[in-house]
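**Student:** Dropping in target.cif, which is mmCIF, C-alpha atoms (C1' of nucleotides):
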data_start
loop_
_atom_site.label_atom_id
_atom_site.label_comp_id
_atom_site.auth_asym_id
_atom_site.auth_seq_id
_atom_site.Cartn_x
_atom_site.Cartn_y
_atom_site.Cartn_z
CA MET A 20 47.36 -16.72 25.38
CA VAL A 21 50.86 -15.51 24.83
CA THR A 22 50.60 -11.77 24.95
CA ALA A 23 52.67 -10.24 27.75
CA CYS A 24 56.30 -11.19 27.13
CA THR A 25 57.41 -8.04 28.91
CA LEU A 26 60.82 -6.88 27.85
CA LYS A 27 62.53 -5.81 31.03
CA HIS A 28 65.50 -3.62 31.75
CA CYS A 29 67.76 -3.85 34.74
CA ALA A 30 71.30 -2.61 35.17
CA GLY A 31 71.41 -1.66 31.54
CA LYS A 32 70.58 -5.15 30.38
CA GLU A 33 67.68 -6.29 28.30
CA TYR A 34 65.95 -9.53 29.08
CA TYR A 35 62.63 -11.25 28.97
CA CYS A 36 63.28 -13.67 31.76
CA SER A 37 65.13 -13.28 35.04
CA LEU A 38 67.08 -16.29 33.98
CA GLU A 39 68.54 -14.34 31.11
CA LEU A 40 69.38 -11.52 33.47
CA THR A 41 71.27 -13.93 35.68
CA LEU A 42 73.26 -15.21 32.73
CA GLN A 43 74.15 -11.69 31.74
CA VAL A 44 75.36 -10.88 35.23
CA ILE A 45 77.24 -14.03 36.20
CA GLY A 46 77.63 -15.79 32.87
CA GLY A 47 80.32 -15.62 30.28
CA LYS A 48 83.80 -16.99 30.07
CA TRP A 49 85.42 -15.28 33.03
CA LYS A 50 82.84 -14.01 35.49
CA PRO A 51 82.06 -17.37 37.09
CA ILE A 52 85.74 -17.95 37.77
CA ILE A 53 86.22 -14.47 39.18
CA LEU A 54 83.19 -14.78 41.40
CA TRP A 55 84.08 -18.22 42.62
CA ARG A 56 87.64 -17.32 43.46
CA LEU A 57 86.58 -14.21 45.29
CA GLY A 58 84.10 -16.36 47.16
CA GLN A 59 86.96 -18.64 48.14
CA ASP A 60 89.63 -16.13 48.97
CA GLY A 61 87.50 -13.25 50.16
CA THR A 62 89.69 -10.48 48.83
CA LEU A 63 92.06 -10.43 45.89
CA ARG A 64 94.23 -7.81 44.27
CA PHE A 65 94.16 -7.15 40.56
CA SER A 66 97.52 -8.81 40.08
CA GLU A 67 96.41 -11.84 42.03
CA LEU A 68 93.39 -12.26 39.81
CA ARG A 69 95.66 -12.07 36.80
CA ARG A 70 97.86 -14.77 38.20
CA ILE A 71 94.86 -16.96 38.81
CA MET A 72 93.68 -16.57 35.24
CA PRO A 73 96.76 -16.48 33.03
CA ASN A 74 94.68 -16.70 29.87
CA ILE A 75 92.66 -13.57 30.38
CA THR A 76 94.01 -10.33 29.01
CA GLN A 77 94.35 -7.30 31.20
CA LYS A 78 91.68 -5.56 29.20
CA MET A 79 89.22 -8.38 29.61
CA LEU A 80 89.87 -8.70 33.31
CA THR A 81 89.37 -5.00 33.89
CA GLN A 82 86.25 -5.05 31.79
CA GLN A 83 84.71 -8.03 33.56
CA LEU A 84 85.55 -6.59 36.96
CA ARG A 85 83.99 -3.26 36.08
CA GLU A 86 80.82 -4.94 34.91
CA LEU A 87 80.60 -7.02 38.05
CA GLU A 88 81.18 -3.91 40.13
CA SER A 89 78.58 -1.98 38.19
CA ASP A 90 76.13 -4.80 38.78
CA GLY A 91 76.78 -4.60 42.50
CA VAL A 92 78.09 -8.10 42.94
CA LEU A 93 81.61 -7.11 43.76
CA HIS A 94 83.28 -4.25 45.57
CA ARG A 95 86.33 -2.40 44.33
CA GLU A 96 88.54 -0.82 46.95
CA VAL A 97 91.23 1.53 45.72
CA TYR A 98 94.11 2.39 48.01
CA PRO A 99 95.59 5.72 46.94
CA GLN A 100 99.16 4.67 47.31
CA VAL A 101 102.20 5.38 45.22
CA PRO A 102 102.30 1.87 43.86
CA PRO A 103 98.58 1.57 43.23
CA ARG A 104 96.73 -1.12 45.11
CA VAL A 105 93.23 -2.24 44.24
CA GLU A 106 91.39 -4.96 46.06
CA TYR A 107 88.28 -6.79 44.99
CA SER A 108 85.77 -8.59 47.15
CA LEU A 109 82.23 -9.88 46.84
CA THR A 110 79.26 -7.89 48.06
CA GLU A 111 76.30 -9.49 49.81
CA MET A 112 74.69 -9.92 46.43
CA GLY A 113 77.87 -11.44 45.13
CA ARG A 114 78.04 -13.95 47.92
CA SER A 115 74.44 -14.92 47.30
CA VAL A 116 75.37 -16.13 43.86
CA LEU A 117 77.76 -18.76 45.14
CA PRO A 118 75.06 -21.37 45.80
CA VAL A 119 73.81 -20.85 42.27
CA LEU A 120 77.29 -21.43 40.89
CA SER A 121 77.51 -24.54 43.02
CA GLU A 122 74.29 -25.86 41.57
CA MET A 123 75.46 -25.23 38.06
CA CYS A 124 78.72 -26.95 38.80
CA LYS A 125 76.90 -29.89 40.30
CA TRP A 126 74.83 -30.27 37.18
CA GLY A 127 77.95 -30.05 35.09
CA HIS A 128 79.37 -33.00 36.95
CA ALA A 129 76.20 -34.96 36.44
CA PHE A 130 76.38 -34.11 32.77
CA GLU A 131 79.92 -35.35 32.55
CA ALA A 132 79.02 -38.58 34.29
CA ASN A 133 75.87 -39.16 32.30
CA HIS A 134 77.46 -38.36 29.01
CA GLY A 135 77.75 -41.51 27.00
CA THR A 136 76.21 -43.59 29.69
CA ALA A 137 72.47 -43.74 30.05
CA GLY A 138 69.73 -41.36 31.03
CA THR A 139 68.70 -40.07 27.64
CA THR A 140 65.40 -40.95 26.08
CA ASP A 141 66.84 -42.53 22.99
CA GLY A 142 69.91 -43.85 24.68
CA ARG A 143 72.19 -42.16 22.19
CA ALA A 144 75.38 -40.37 23.11
CA ALA A 145 77.13 -37.55 21.34
CA GLY A 146 80.74 -38.38 20.70
CA HIS A 147 82.63 -40.26 23.32
CA ALA A 148 83.02 -40.05 27.05
CA THR A 149 86.52 -38.77 27.64
CA ALA A 150 86.63 -40.05 31.16
CA PRO A 151 84.46 -41.79 33.70
CA ALA A 152 83.22 -40.00 36.77
CA ALA A 153 86.19 -41.23 38.71
CA ASP A 154 88.08 -37.95 38.57
CA ALA A 155 85.23 -35.92 39.97
CA PRO A 156 84.87 -36.84 43.60
CA ASP A 157 83.36 -33.53 44.66
CA THR A 158 79.73 -32.73 44.16
CA ASP A 159 79.09 -29.30 45.55
CA ALA A 160 81.84 -26.98 44.41
CA PRO A 161 83.13 -25.79 41.05
CA ASP A 162 85.65 -28.49 40.35
CA THR A 163 87.91 -29.28 43.21
CA ASP A 164 88.34 -26.31 45.45
CA ASN A 165 90.73 -23.56 44.65
CA ASP A 166 92.79 -24.72 41.74
CA LEU A 167 90.34 -23.75 39.14
CA GLY A 168 92.59 -21.14 37.68
CA MET A 169 93.92 -22.28 34.36
CA ALA A 170 97.64 -22.60 33.99
CA VAL A 171 98.13 -23.78 30.45
CA GLY A 172 99.33 -21.60 27.65
CA GLU A 173 96.93 -23.00 25.11
CA VAL A 174 93.72 -21.13 24.53
CA MET B 2 99.78 -25.04 45.05
CA VAL B 3 98.04 -24.27 41.85
CA THR B 4 99.30 -26.86 39.45
CA ALA B 5 96.56 -29.09 38.13
CA CYS B 6 94.06 -26.84 36.33
CA THR B 7 93.15 -29.74 34.10
CA LEU B 8 91.71 -28.67 30.80
CA LYS B 9 88.82 -31.04 30.22
CA HIS B 10 86.89 -32.03 27.17
CA CYS B 11 83.35 -33.25 27.07
CA ALA B 12 80.91 -33.27 24.20
CA GLY B 13 83.37 -31.36 22.10
CA LYS B 14 83.61 -28.52 24.58
CA GLU B 15 86.66 -27.24 26.36
CA TYR B 16 86.44 -26.18 29.96
CA TYR B 17 88.39 -25.99 33.16
CA CYS B 18 85.44 -26.11 35.49
CA SER B 19 82.19 -28.05 35.34
CA LEU B 20 80.52 -24.73 35.81
CA GLU B 21 81.85 -23.59 32.47
CA LEU B 22 80.65 -26.80 30.90
CA THR B 23 77.17 -26.16 32.23
CA LEU B 24 77.17 -22.67 30.77
CA GLN B 25 78.21 -24.02 27.42
CA VAL B 26 75.44 -26.59 27.43
CA ILE B 27 72.52 -24.61 28.79
CA GLY B 28 73.76 -21.05 28.50
CA GLY B 29 73.44 -18.56 25.74
CA LYS B 30 70.65 -16.45 24.43
CA TRP B 31 68.18 -19.10 23.37
CA LYS B 32 68.90 -22.41 25.04
CA PRO B 33 67.46 -21.54 28.44
CA ILE B 34 64.21 -20.49 26.81
CA ILE B 35 64.05 -23.60 24.67
CA LEU B 36 64.78 -25.85 27.61
CA TRP B 37 62.33 -24.14 29.89
CA ARG B 38 59.50 -24.23 27.39
CA LEU B 39 60.08 -27.87 26.62
CA GLY B 40 60.05 -28.46 30.35
CA GLN B 41 56.67 -26.76 30.53
CA ASP B 42 55.01 -28.17 27.46
CA GLY B 43 56.71 -31.53 27.28
CA THR B 44 56.78 -31.77 23.50
CA LEU B 45 56.91 -29.06 20.89
CA ARG B 46 57.16 -29.02 17.13
CA PHE B 47 59.71 -26.94 15.29
CA SER B 48 57.06 -24.49 14.17
CA GLU B 49 55.72 -24.15 17.69
CA LEU B 50 59.15 -23.27 18.98
CA ARG B 51 59.42 -20.65 16.28
CA ARG B 52 56.13 -19.16 17.30
CA ILE B 53 57.26 -19.07 20.90
CA MET B 54 60.45 -17.23 19.99
CA PRO B 55 59.59 -14.84 17.18
CA ASN B 56 63.00 -13.18 17.40
CA ILE B 57 65.10 -16.20 16.69
CA THR B 58 65.98 -16.99 13.11
CA GLN B 59 65.28 -20.39 11.65
CA LYS B 60 68.97 -21.01 11.32
CA MET B 61 69.67 -20.17 14.94
CA LEU B 62 66.79 -22.29 16.20
CA THR B 63 67.94 -25.29 14.20
CA GLN B 64 71.49 -24.77 15.35
CA GLN B 65 70.60 -24.47 19.02
CA LEU B 66 68.33 -27.49 18.84
CA ARG B 67 71.01 -29.59 17.18
CA GLU B 68 73.51 -28.65 19.84
CA LEU B 69 71.09 -29.49 22.61
CA GLU B 70 70.34 -32.79 20.92
CA SER B 71 74.01 -33.53 20.46
CA ASP B 72 74.54 -32.81 24.13
CA GLY B 73 71.83 -35.28 25.01
CA VAL B 74 69.53 -32.87 26.78
CA LEU B 75 66.77 -33.02 24.23
CA HIS B 76 65.33 -35.62 21.95
CA ARG B 77 64.45 -35.08 18.32
CA GLU B 78 61.71 -37.23 16.90
CA VAL B 79 61.25 -37.14 13.15
CA TYR B 80 58.02 -38.39 11.67
CA PRO B 81 58.63 -39.43 8.07
CA GLN B 82 55.50 -37.86 6.70
CA VAL B 83 54.80 -35.96 3.54
CA PRO B 84 54.53 -32.68 5.37
CA PRO B 85 57.54 -33.18 7.63
CA ARG B 86 56.87 -33.25 11.32
CA VAL B 87 59.59 -32.99 13.93
CA GLU B 88 58.94 -33.01 17.63
CA TYR B 89 61.31 -32.02 20.38
CA SER B 90 61.23 -33.07 23.99
CA LEU B 91 63.59 -33.12 26.95
CA THR B 92 65.58 -36.18 27.88
CA GLU B 93 66.15 -37.23 31.46
CA MET B 94 69.27 -35.14 31.46
CA GLY B 95 67.31 -32.25 30.04
CA ARG B 96 64.70 -32.44 32.73
CA SER B 97 67.37 -32.51 35.38
CA VAL B 98 68.46 -29.05 34.32
CA LEU B 99 65.15 -27.45 35.12
CA PRO B 100 65.88 -27.04 38.84
CA VAL B 101 69.13 -25.34 37.92
CA LEU B 102 67.30 -22.95 35.65
CA SER B 103 64.86 -22.30 38.46
CA GLU B 104 67.67 -21.43 40.81
CA MET B 105 69.19 -19.07 38.31
CA CYS B 106 65.86 -17.45 37.75
CA LYS B 107 65.31 -17.10 41.47
CA TRP B 108 68.62 -15.33 41.84
CA GLY B 109 67.72 -13.09 38.94
CA HIS B 110 64.64 -12.01 40.79
CA ALA B 111 66.63 -11.33 43.92
CA PHE B 112 69.03 -9.31 41.84
CA GLU B 113 66.20 -7.27 40.41
CA ALA B 114 64.78 -6.64 43.85
CA ASN B 115 68.11 -5.83 45.44
CA HIS B 116 69.21 -3.61 42.64
CA GLY B 117 69.19 -0.07 43.87
CA THR B 118 68.05 -1.06 47.30
CA ALA B 119 70.53 -2.37 49.83
CA GLY B 120 72.66 -5.43 50.26
CA THR B 121 75.83 -4.22 48.64
CA THR B 122 78.92 -3.49 50.63
CA ASP B 123 79.25 0.09 49.54
CA GLY B 124 75.55 0.71 49.24
CA ARG B 125 75.90 1.94 45.68
CA ALA B 126 73.50 1.08 42.93
CA ALA B 127 74.04 1.03 39.21
CA GLY B 128 71.29 2.78 37.36
CA HIS B 129 67.75 2.71 38.60
CA ALA B 130 65.34 0.06 39.68
CA THR B 131 62.80 -0.20 36.91
CA ALA B 132 60.22 -1.84 39.05
CA PRO B 133 59.75 -3.17 42.55
CA ALA B 134 59.39 -6.84 43.21
CA ALA B 135 55.63 -6.52 42.96
CA ASP B 136 55.37 -7.92 39.47
CA ALA B 137 57.27 -11.04 40.34
CA PRO B 138 55.04 -13.12 42.55
CA ASP B 139 56.71 -16.39 41.65
CA THR B 140 59.93 -17.53 43.18
CA ASP B 141 60.74 -20.86 41.64
CA ALA B 142 60.15 -20.59 37.94
CA PRO B 143 61.64 -18.54 35.13
CA ASP B 144 59.39 -15.53 35.20
CA THR B 145 55.72 -16.28 35.33
CA ASP B 146 54.94 -19.58 33.74
CA ASN B 147 54.55 -19.99 30.06
CA ASP B 148 54.55 -16.55 28.56
CA LEU B 149 58.25 -16.18 28.46
CA GLY B 150 58.35 -16.25 24.73
CA MET B 151 59.08 -12.81 23.38
CA ALA B 152 56.55 -11.23 21.12
CA VAL B 153 58.00 -7.85 20.35
CA GLY B 154 59.55 -6.99 17.06
CA GLU B 155 62.40 -5.02 18.50
CA VAL B 156 65.65 -6.82 18.93
"C1'" DC C 6 100.73 -1.59 39.94
"C1'" DG C 7 96.76 -1.10 37.69
"C1'" DG C 8 95.06 0.47 34.53
"C1'" DT C 9 93.54 3.14 29.17
"C1'" DA C 10 93.66 3.55 24.37
"C1'" DT C 11 94.01 1.74 19.84
"C1'" DC C 12 93.90 -1.52 16.48
"C1'" DC C 13 92.92 -6.03 14.68
"C1'" DT C 14 90.88 -10.73 14.27
"C1'" DT C 15 87.44 -14.01 14.93
"C1'" DC C 16 83.25 -15.91 15.45
"C1'" DA C 17 78.55 -15.82 16.78
"C1'" DT C 18 74.49 -14.07 14.99
"C1'" DG C 19 71.42 -12.76 11.43
"C1'" DA C 20 69.07 -11.85 6.66
"C1'" DT C 21 67.90 -14.03 2.59
"C1'" DA C 22 67.14 -17.51 -0.71
"C1'" DC C 23 66.54 -22.24 -1.95
"C1'" DT C 24 65.02 -27.48 -1.08
"C1'" DG C 25 63.22 -32.47 0.07
"C1'" DC D 3 56.99 -28.11 7.35
"C1'" DA D 4 61.43 -28.17 8.52
"C1'" DG D 5 65.06 -27.51 7.27
"C1'" DT D 6 70.14 -26.29 4.43
"C1'" DA D 7 73.28 -23.02 2.06
"C1'" DT D 8 75.31 -18.69 1.36
"C1'" DC D 9 76.57 -14.23 2.40
"C1'" DA D 10 76.81 -10.18 5.43
"C1'" DT D 11 77.81 -7.77 9.93
"C1'" DG D 12 78.81 -6.41 14.21
"C1'" DA D 13 80.03 -7.29 18.74
"C1'" DA D 14 83.22 -9.91 21.65
"C1'" DG D 15 87.65 -10.97 22.43
"C1'" DG D 16 92.55 -10.21 22.14
"C1'" DA D 17 97.56 -8.12 21.09
"C1'" DT D 18 100.16 -4.27 21.81
"C1'" DA D 19 101.60 0.14 23.40
"C1'" DC D 20 101.32 3.93 26.54
"C1'" DC D 21 100.07 6.37 31.19
"C1'" DG D 22 99.20 8.20 36.30
#
Any chance you could put this one into structure tokens?
**Tutor:**
Amino acid sequence: MVTACTLKHCAGKEYYCSLELTLQVIGGKWKPIILWRLGQDGTLRFSELRRIMPNITQKMLTQQLRELESDGVLHREVYPQVPPRVEYSLTEMGRSVLPVLSEMCKWGHAFEANHGTAGTTDGRAAGHATAPAADAPDTDAPDTDNDLGMAVGEV
Amino acid sequence: MVTACTLKHCAGKEYYCSLELTLQVIGGKWKPIILWRLGQDGTLRFSELRRIMPNITQKMLTQQLRELESDGVLHREVYPQVPPRVEYSLTEMGRSVLPVLSEMCKWGHAFEANHGTAGTTDGRAAGHATAPAADAPDTDAPDTDNDLGMAVGEV
DNA sequence: CGGTATCCTTCATGATACTG
DNA sequence: CAGTATCATGAAGGATACCG
């Protein structure tokens, strides 16, 4: 019988399934990129993060960083200097999410490859395959390695 | 040097990282639940999915299902009967996402457990731990097993 | 440098009604 | 039963300006 369905609360988030909680913590448009880059570089300043993600607005970046900090996945170190200096780094919990991101990335690659090819029950494909799997040689990291910051002006 | 940053397109989605693609395909408020339940039950009718997720509106359910179908992760079988009958099931690609969902769920549990305990660099905790890890005996499936449909009326 | 504060736009979500 | 169509809304996202 379907009776429980416990609505849970953690870190100010509502969810029914831990999976949803995970998506709320590491999901969204910017958080995965922030987390992955911090995982790569270890420590980054606010301005460095901005340079990595030219598309994000200052407000959004601050907001995402504060949420990640509040959720305990990243650490914010403020140096009380005259030109302010703030450094961000992953916590233990933050580092533990990297394998999850890797897995998601891996599946994304498989999706790209399988899209338009075979593997579906009915053999149908939505749209067209923009490219074969030739441009995705890696299989265990979000895209290539550390050039996953976007540099185009288009949204 | 950070120059490439290729903006990719797949299945009508824009993304810079396969990770983002994955989130667009399986992320969101409802898709993980739909996918997981179909993974559990194999095949479900439209009305059964509605019963599983009382909070979702008909429009949203249809929309999410169409997107998942269009992305090739689920199959839609229409039986041309007088009382319409439509059955949904996962494709190969859809089934391959289940381990990813499991991983995300596993991390969610770890997050719950670690929240307010230790493991962070600065030892701080946001909010309060609502419950210990005692009510989460499983470690490889989204929450318990098949009662992850929400049954409360509150949004 | 690293933010806040304010305002504005967009789009995802939702309620409701109607249909093959 | 399984939708589609229409309208409403509210939160997310973003542009801009100002501040310690």
**Student:** One number please: CA of Glu21 in chain B to CA of Gln64 in chain B, in Å, one decimal.
**Tutor:** 20.0 Å
**Student:** Could you name the residues that touch DA22 in chain C at 12 Å or less, counting all atoms listed in the file, but leaving out those on the same chain fewer than 5 positions away, as a list of chain:residue names?
**Tutor:**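 Contacts, with the query itself left out: D:DT6, D:DA7, D:DT8, D:DC9.
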**Student:** Would you work out the distance separating CA of Lys30 in chain B from CA of Leu99 in chain B, expressed in Å to one decimal?
**Tutor:** 16.3 Å
**Student:** Could you list, as a ChimeraX atom specification, every residue within 10 Å of DG25 in chain C, counting all atoms listed in the file and ignoring same-chain residues fewer than 3 positions away?
**Tutor:** /B:83,85 /D:4-5
**Student:** Specify as a ChimeraX atom specification each residue included when the PyMOL selection byres ((chain A and resi 90) around 9) is applied to this file.
**Tutor:** /A:30,44,85-89,91-93 /B:112,116,126-127
**Student:** Separation of CA of Ala111 in chain B and CA of Pro55 in chain B, in Å?
**Tutor:**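 Here the two named atoms are 27.9 Å from each other.
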**Student:** List the residues selected by the PyMOL selection byres ((chain A) within 8 of (chain C)) in the file shown, writing them as a VMD selection string.
**Tutor:** chain A and resid 65 to 66 81 102 to 105
**Student:** Could you tell me which residues the PyMOL selection byres ((chain A) within 9 of (chain D)) returns for this structure, as number ranges by chain?
**Tutor:** A: 75-76, 78-79
**Student:** Using only C-alpha atoms (C1' of nucleotides), collect all residues at a distance of at most 12 Å from (88.4, -13.8, 38.7) as written in the file, then present them as JSON, numbers by chain.
**Tutor:** {"A": [45, 47, 48, 49, 50, 51, 52, 53, 54, 55, 56, 57, 58, 59, 60, 61, 62, 63, 64, 65, 66, 67, 68, 69, 70, 71, 72, 73, 74, 75, 76, 77, 79, 80, 81, 82, 83, 84, 85, 87, 93, 106, 107, 108, 109, 165, 167, 168, 169]}
**Student:** For a quick check of understanding, using only C-alpha atoms, which of A:Pro99, A:Ala132, A:Ser115, A:Cys124 has the smallest distance to chain B?
**Tutor:**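 Looking at the shortest contact to chain B, the residue is A:Cys124.
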**Student:** Ranking A:Gln100, A:Ser121, A:Ser37, A:Arg95 by minimum distance to chain B and counting only C-alpha atoms, which one comes first?
**Tutor:**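 Nearest candidate to chain B out of A:Gln100, A:Ser121, A:Ser37, A:Arg95: A:Ser37.
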